[in-house]
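Asks: Quick one: this structure, given as structure tokens, is what I'll be asking you about.
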Amino acid sequence: MTIRLKLTILSIAGILVANALVSLAALSYLQSAWLREVQNRVQLDLRSTRALYDGRVQHVLGCLQAAALNADILAATSAASDPGSLVPKQLRQVRGVGAMDFVSLLDARGHVLVRAEPAAASGDDLSRNAVIAAALRTRQPATGTVRVPAATLRRISDSLADRARIDLMPTREAEPTTETTSSDGLVVAAAVPVLDPQGTLQGLLYGGDLLNQRDDLVDSIRDAVFCSPVEDAPSLDTVTIFLGDVRIATNVRHADGQRAIGTRMSRQVAEEVLGRGEVWTRPAFVVNDWYVTAYEPIRDPQQQVVGALYVGLLQAPFLRQRNTLAGVVSLMVLSGTMACFLLIYFMDFLVLRPASMVIDMAHRVIHGDLTARVRIRPLGEIGVLCQAVNHMADALADREQQLKTATGKQLHRSEKLASLGRLAAGVAHEINNPLTGVLTFAHLMKEKPNMDGQDLQDLDLIIHETTRAAEIVHGLLDFARERAVIKEPLNLNEVIVRTIRLIRNQKLFERIAIDEDLANDLPDIEGDMNQLQQVLLNLSLNACEAMPTGGTLVIRTRSEERGVMVKLADTGCGIKPEHLERVFDPFFTTKPVGKGTGLGLSVSYGIVQQHGGTIELDSQPGHGTTFTLVFPALGREPVVATADTVPREHPFLATSG
């Protein structure tokens with residue numbers, strides 16, 4: 001998988017995930033904000049409905065308080081008087097002015113003296129009525145909502161009893177019941193004390209409205225709260241009065257347009273509102289559809305829950321609004337996603353395409369085509385990158401050319417040195433033959449009987465110096481001889497002794513003191529005598545050149561846990577810190593032109609590596625340089641090269657030697 005494809009996939013995945021999270025967050029917030037706003041509206045509508053509901057009670061109270069000031073009504077409450085026909089007429093007037101369903105005059109014990117309805121029964125005891133009981137107890141006007149039994153309504157009038165009777169209808173999600181009808185009535189009532197001039201309680205005026213099937217009341221409340229009356233049609237805004245969990249007055253309608261009288265409250269809402277007396281402000285299923293609802297319990301003067309007041313807004317229109325907003329948000333997110341995809345395409349065209357061309361050019365350079373270049377020049381940093389890569393390729397081509405030139409010169413110089421080496425070998429052979437003759441004749445002359453003491457001393461000196469010269473020539477011939485690399489067990493002390501023989505009497509080492517500190521218990525290593533001698537010779541020559549005015553070269557061997565250690569330390573000028581990391585690089589030298597090739601240390605490094613050893617360098621300018629070589633002894637694990645012991649890998653070094 002290419003980096004271009006990876007970046008494209010990652011970018012698209014990132015955008016999709018980010019936009020999905022944004023969409024979820026936006027839709028979640030939209031849902032919560034929508035629901036909160038609708039619930040706030042329904043709560044405000046419920047407060048308004050409650051205010052209108054209470055206003056109806058206050059209207060009844062005001063009418064009764066005005067009637068209580070009538071002298072005829074006061075006189076009718078005395079124990080010795082008879083209400084006669086005048087009082088019912090006045091009660092009917094009060095009922096008509098207040099648009100009430102019933103008005104009654106009670107004595108001071110709560111017994112009915114007379115009712116406004118013709119032929120209505122009297123004498124029944126209403127003292128257990130919560131509103132009447134409160135007025136009798138406090139002698140103050142009392143109001144409230146009470147549940148009235150069907151028998152009491154029947155004593156007032158048959159029409160009220162018939163209106164209170166409601167057939168129960170099967171309702172989805174309501175508590176199951178075996179009852180088929182509800183006969184009790186829910187009444188909003190007021191009781192006003194009738195007092196004589198001395199403030200003595202003479203009786204009560206009691207009146208109110210039966211809420212069962214009061215369609216005009218719930219419609220008027222809906223019209224006042226929502227300001228959207230629709231005659232004989234289902235409304236989006238609904239008001240309901242419950243007696244217990246039964247709808248006794250509502251403008252919620254069935255699918256056929258009939259009012260849903262007799263349907264019941266859902267079980268969950270009933271448990272919350274009727275059971276625990278809490279306000280419900282959440283969506284709920286009402287009759288045959290979902291509404292955003294608010295339910296509030298209706299309590300009697302004794303704080304017992306007798307019913308509930310409900311307002312609801314059909315949820316579907318609000319869902320359409322919410323879905324429309326959600327669609328707009330989704331469309332915006334989708335548009336943003338498409339815009340991001342376009343940006344990815346342009347990014348791919350402006351960034352990844354040049355990057356692909358750079359990668360292609362790099363592959364061509366790796367495979368040897370140093371003429372490969374990036375042919376485009378886009379704007380911005382990518383263009384700078386393309387230009388920098390081209391410059392790098394130019395520099396690499398120049399370096400390659402310089403390396404070829406230097407290598408050619410070095411090969412030419414090596415060939416020249418090889419020719420000189422062969423010539424030197426021939427000269428050494430020519431020198432070796434006369435030396436052999438001189439040595440032979442010197443021994444013969446020494447055996448003559450007529451030689452005196454001085455002659456013998458002279459001959460011994462000739463033999464000694466000739467033998468030493470022969471050994472030097474023999475060592476030089478052995479070192480210069482071309483042969484295959486052969487690793488065999490050998491002692492490093494022997495290699496060091498042979499190397500010192502070659503250099504000790506050289507003119508370069510006239511002012512150099514060679515201090516040999518060779519351990520006697522040195523174990524053998526496996527190596528090539530000629531290559532190891534070349535390493536020691538290179539290091540010794542470098543040490544000599546670092547001490548042009550003379551100094552000391554210490555050569556020390558020791559047996560260590562790591563293996564066999566050889567240390568060459570000089571007292572020369574040392575190496576500058578900035579050159580320490582490059583001393584093993586091929587062709588790196590600080591010597592003047594013609595004085596060095598820069599290959600001695602790099603070749604030595606390669607030889608040491610091929611023998612499984614390590615080479616360490618420690619140098620202080622002005623105090624000298626120390627090279628430490630460690631080779632694995634026979635029978636031990638090879639020395640493990642580390643970052644501290646090996647300056648750094650170089651392809652040339654791995655093949656040198």
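For the structure tokens, the naming scheme is as follows: chains receive sequential letters (A, B, ...) according to their order of presentation, residues are indexed from 1 within each chain, and ligands are indexed from 1 in presentation order.
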Check segment 300-436 of chain A with DSSP on the backbone and list each residue it calls strand (DSSP E or B), as a VMD selection string.

Replies: chain A and resid 305 to 314

Asks: Leaving out segment 193-197 of chain A and any residue of its chain fewer than 6 positions from it, which residues lie within 10 Å of it when counting only C-alpha atoms, given as number ranges by chain?

Replies: A: 64-65, 67-71, 73-75, 77-78, 105-108, 132, 135-136, 138-142, 203-206

Asks: Please produce a file of the residues just selected, as a CSV table (one decimal), in the first residue's frame, where the atoms kept are N, CA and C atoms.

Replies:
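Listed below is the output, selection.csv:
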```
chain,number,residue,atom,x,y,z
A,64,LEU,N,-71.3,34.0,44.7
A,64,LEU,CA,-71.9,33.5,46.0
A,64,LEU,C,-71.7,34.6,47.1
A,65,GLN,N,-70.5,35.2,47.1
A,65,GLN,CA,-70.3,36.2,48.1
A,65,GLN,C,-71.2,37.4,47.9
A,67,ALA,N,-74.3,37.2,46.7
A,67,ALA,CA,-75.6,36.7,47.0
A,67,ALA,C,-75.7,36.6,48.5
A,68,ALA,N,-74.6,36.3,49.2
A,68,ALA,CA,-74.7,36.1,50.7
A,68,ALA,C,-75.1,37.4,51.4
A,69,LEU,N,-75.0,38.6,50.8
A,69,LEU,CA,-75.3,39.8,51.4
A,69,LEU,C,-76.8,40.1,51.3
A,70,ASN,N,-77.6,39.3,50.6
A,70,ASN,CA,-79.0,39.5,50.4
A,70,ASN,C,-79.7,39.2,51.7
A,71,ALA,N,-80.6,40.1,52.2
A,71,ALA,CA,-81.3,40.0,53.4
A,71,ALA,C,-82.2,38.8,53.4
A,73,ILE,N,-82.0,36.0,51.9
A,73,ILE,CA,-81.2,34.8,52.1
A,73,ILE,C,-80.8,34.6,53.5
A,74,LEU,N,-80.4,35.8,54.1
A,74,LEU,CA,-80.0,35.7,55.5
A,74,LEU,C,-81.2,35.3,56.4
A,75,ALA,N,-82.4,35.9,56.1
A,75,ALA,CA,-83.6,35.5,56.8
A,75,ALA,C,-84.0,34.1,56.6
A,77,THR,N,-82.2,31.6,56.5
A,77,THR,CA,-81.3,30.7,57.2
A,77,THR,C,-81.7,30.6,58.7
A,78,SER,N,-82.6,31.5,59.2
A,78,SER,CA,-83.0,31.4,60.6
A,78,SER,C,-83.8,30.2,60.9
A,105,LEU,N,-78.7,26.5,49.5
A,105,LEU,CA,-78.6,27.2,50.7
A,105,LEU,C,-78.6,26.2,51.9
A,106,LEU,N,-77.6,26.2,52.7
A,106,LEU,CA,-77.4,25.3,53.8
A,106,LEU,C,-77.5,26.0,55.1
A,107,ASP,N,-77.9,25.2,56.1
A,107,ASP,CA,-78.0,25.8,57.5
A,107,ASP,C,-76.6,25.8,58.1
A,108,ALA,N,-76.5,26.2,59.4
A,108,ALA,CA,-75.2,26.3,60.0
A,108,ALA,C,-74.6,24.9,60.3
A,132,ILE,N,-67.5,22.4,52.1
A,132,ILE,CA,-68.4,22.9,53.1
A,132,ILE,C,-67.8,22.8,54.5
A,135,ALA,N,-65.5,25.7,55.2
A,135,ALA,CA,-66.2,26.9,55.4
A,135,ALA,C,-66.8,26.9,56.8
A,136,LEU,N,-67.4,25.8,57.2
A,136,LEU,CA,-68.0,25.7,58.6
A,136,LEU,C,-66.9,25.8,59.6
A,138,THR,N,-63.9,27.3,59.5
A,138,THR,CA,-63.1,28.6,59.5
A,138,THR,C,-64.1,29.8,59.5
A,139,ARG,N,-65.4,29.5,59.1
A,139,ARG,CA,-66.3,30.6,58.9
A,139,ARG,C,-65.8,31.7,57.9
A,140,GLN,N,-65.0,31.1,57.0
A,140,GLN,CA,-64.5,31.9,55.9
A,140,GLN,C,-64.9,31.3,54.6
A,141,PRO,N,-64.9,32.0,53.5
A,141,PRO,CA,-65.2,31.4,52.2
A,141,PRO,C,-64.2,30.3,51.9
A,142,ALA,N,-64.7,29.3,51.3
A,142,ALA,CA,-63.8,28.1,50.9
A,142,ALA,C,-64.1,27.7,49.5
A,203,GLY,N,-75.7,30.2,58.1
A,203,GLY,CA,-75.8,29.2,57.1
A,203,GLY,C,-74.7,29.4,56.1
A,204,LEU,N,-74.9,28.6,54.9
A,204,LEU,CA,-73.9,28.7,53.9
A,204,LEU,C,-74.6,28.8,52.5
A,205,LEU,N,-74.0,29.5,51.6
A,205,LEU,CA,-74.3,29.5,50.2
A,205,LEU,C,-73.3,28.6,49.5
A,206,TYR,N,-73.8,27.5,48.9
A,206,TYR,CA,-72.9,26.5,48.3
A,206,TYR,C,-73.3,26.4,46.8
```

Asks: Report as a PyMOL selection string all protein, DNA and RNA residues lying within 6 Å of segment 518-530 of chain A, evaluated on only C-alpha atoms, omitting residues in the same chain fewer than 5 positions from it.

Replies: chain A and resi 486-491+556-559+633-634

Asks: Nearest residue to Gln610 of chain A out of A:Leu580, A:Ala470, A:Met347, A:Leu532, using only C-alpha atoms?

Replies: A:Leu532

Asks: Just give me the gap between atom CA of Val146 of chain A and atom CA of Gly244 of chain A in Å, one decimal is fine.

Replies: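 Taking atom CA of Val146 of chain A as the start and atom CA of Gly244 of chain A as the end point, the length is 11.4 Å.
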
Asks: Find the residues near Ile512 of chain A: any atom within 10 Å, counting only C-alpha atoms, skip ones fewer than 4 places away on the same chain, and give them as a ChimeraX atom specification.

Replies: /A:504,507-508,543-544,547-553,570-571

Asks: Per residue of segment 211-271 of chain A within 6 Å of segment 173-190 of chain A, record the nearest atom pair and its distance in Å to one decimal, counting only C-alpha atoms, with rows in chain order and ascending residue number, as a tab-separated table.

Replies:
```
residue	atom	partner	partner_atom	distance
A:Leu211	CA	A:Leu186	CA	5.5
A:Met265	CA	A:Ala174	CA	5.8
A:Ser266	CA	A:Ala174	CA	4.2
A:Arg267	CA	A:Ala174	CA	4.8
```

Asks: Dump N, CA and C atoms for the selected residues as a compact mmCIF listing (two decimals), in the first residue's frame?

Replies:
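This went into again-v6.txt:
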```txt
# COMPACT_ATOMS: atom_id res chain seq x y z
N LEU A 211 -67.95 19.24 36.34
CA LEU A 211 -66.99 19.27 35.24
C LEU A 211 -67.20 18.13 34.25
N MET A 265 -56.37 7.46 31.32
CA MET A 265 -54.96 7.87 31.37
C MET A 265 -54.06 6.64 31.28
N SER A 266 -52.91 6.78 30.60
CA SER A 266 -51.98 5.65 30.50
C SER A 266 -51.44 5.29 31.88
N ARG A 267 -51.06 4.01 32.02
CA ARG A 267 -50.63 3.50 33.32
C ARG A 267 -49.43 4.27 33.87
```

Asks: List the neighbours of segment 47-49 of chain A out to 10 Å using only C-alpha atoms; skip same-chain residues closer than 3 positions along the sequence, and give me the result as a list in words.

Replies: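 Counting only the stated atoms, we get Arg41, Val42, Gln43, Leu44, Leu52, Tyr53, Asp54, Gly55, Val218, Ile221, Arg222, Ala224, Val225, Phe226, Val239, Thr240, Ala294, Glu296, Leu309, Tyr310 and Val311 of chain A.
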
Asks: Any idea what's packed within 7 Å of Gly307 of chain A, counting only C-alpha atoms, ignoring anything in its chain fewer than 4 positions away? Could you give it as a list in words?

Replies: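 In the requested format, the answer is Phe242, Leu243, Gly244, Asp245, Pro297 and Ile298 of chain A.
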
Asks: Take the residues from that selection and put them in a file with all heavy atoms, as a tab-separated table (two decimals), in the first residue's frame.

Replies:
```tsv
chain	number	residue	atom	x	y	z
A	242	PHE	N	-59.54	15.29	34.19
A	242	PHE	CA	-59.67	13.89	34.59
A	242	PHE	C	-60.35	13.80	35.94
A	242	PHE	O	-60.05	14.60	36.86
A	242	PHE	CB	-58.29	13.22	34.69
A	242	PHE	CG	-57.64	12.92	33.38
A	242	PHE	CD1	-56.82	13.87	32.77
A	242	PHE	CD2	-57.82	11.70	32.76
A	242	PHE	CE1	-56.20	13.59	31.57
A	242	PHE	CE2	-57.19	11.42	31.56
A	242	PHE	CZ	-56.39	12.37	30.96
A	243	LEU	N	-61.23	12.83	36.08
A	243	LEU	CA	-61.72	12.38	37.38
A	243	LEU	C	-61.06	11.02	37.63
A	243	LEU	O	-61.37	10.03	36.95
A	243	LEU	CB	-63.24	12.24	37.39
A	243	LEU	CG	-63.85	11.59	38.64
A	243	LEU	CD1	-63.48	12.37	39.90
A	243	LEU	CD2	-65.35	11.45	38.51
A	244	GLY	N	-60.14	11.01	38.57
A	244	GLY	CA	-59.29	9.83	38.67
A	244	GLY	C	-58.46	9.73	37.41
A	244	GLY	O	-57.76	10.66	37.02
A	245	ASP	N	-58.55	8.57	36.72
A	245	ASP	CA	-57.81	8.42	35.47
A	245	ASP	C	-58.72	8.45	34.25
A	245	ASP	O	-58.31	8.07	33.16
A	245	ASP	CB	-57.00	7.11	35.50
A	245	ASP	CG	-57.89	5.88	35.52
A	245	ASP	OD1	-59.09	6.03	35.81
A	245	ASP	OD2	-57.38	4.76	35.25
A	297	PRO	N	-51.72	17.19	38.98
A	297	PRO	CA	-52.78	16.62	39.81
A	297	PRO	C	-53.74	17.69	40.32
A	297	PRO	O	-53.35	18.82	40.60
A	297	PRO	CB	-52.02	15.95	40.96
A	297	PRO	CG	-50.71	16.63	41.00
A	297	PRO	CD	-50.38	17.03	39.59
A	298	ILE	N	-55.02	17.34	40.42
A	298	ILE	CA	-56.04	18.20	41.03
A	298	ILE	C	-56.31	17.65	42.42
A	298	ILE	O	-56.64	16.46	42.58
A	298	ILE	CB	-57.33	18.20	40.20
A	298	ILE	CG1	-57.07	18.79	38.80
A	298	ILE	CG2	-58.41	19.00	40.91
A	298	ILE	CD1	-58.29	18.75	37.89
```
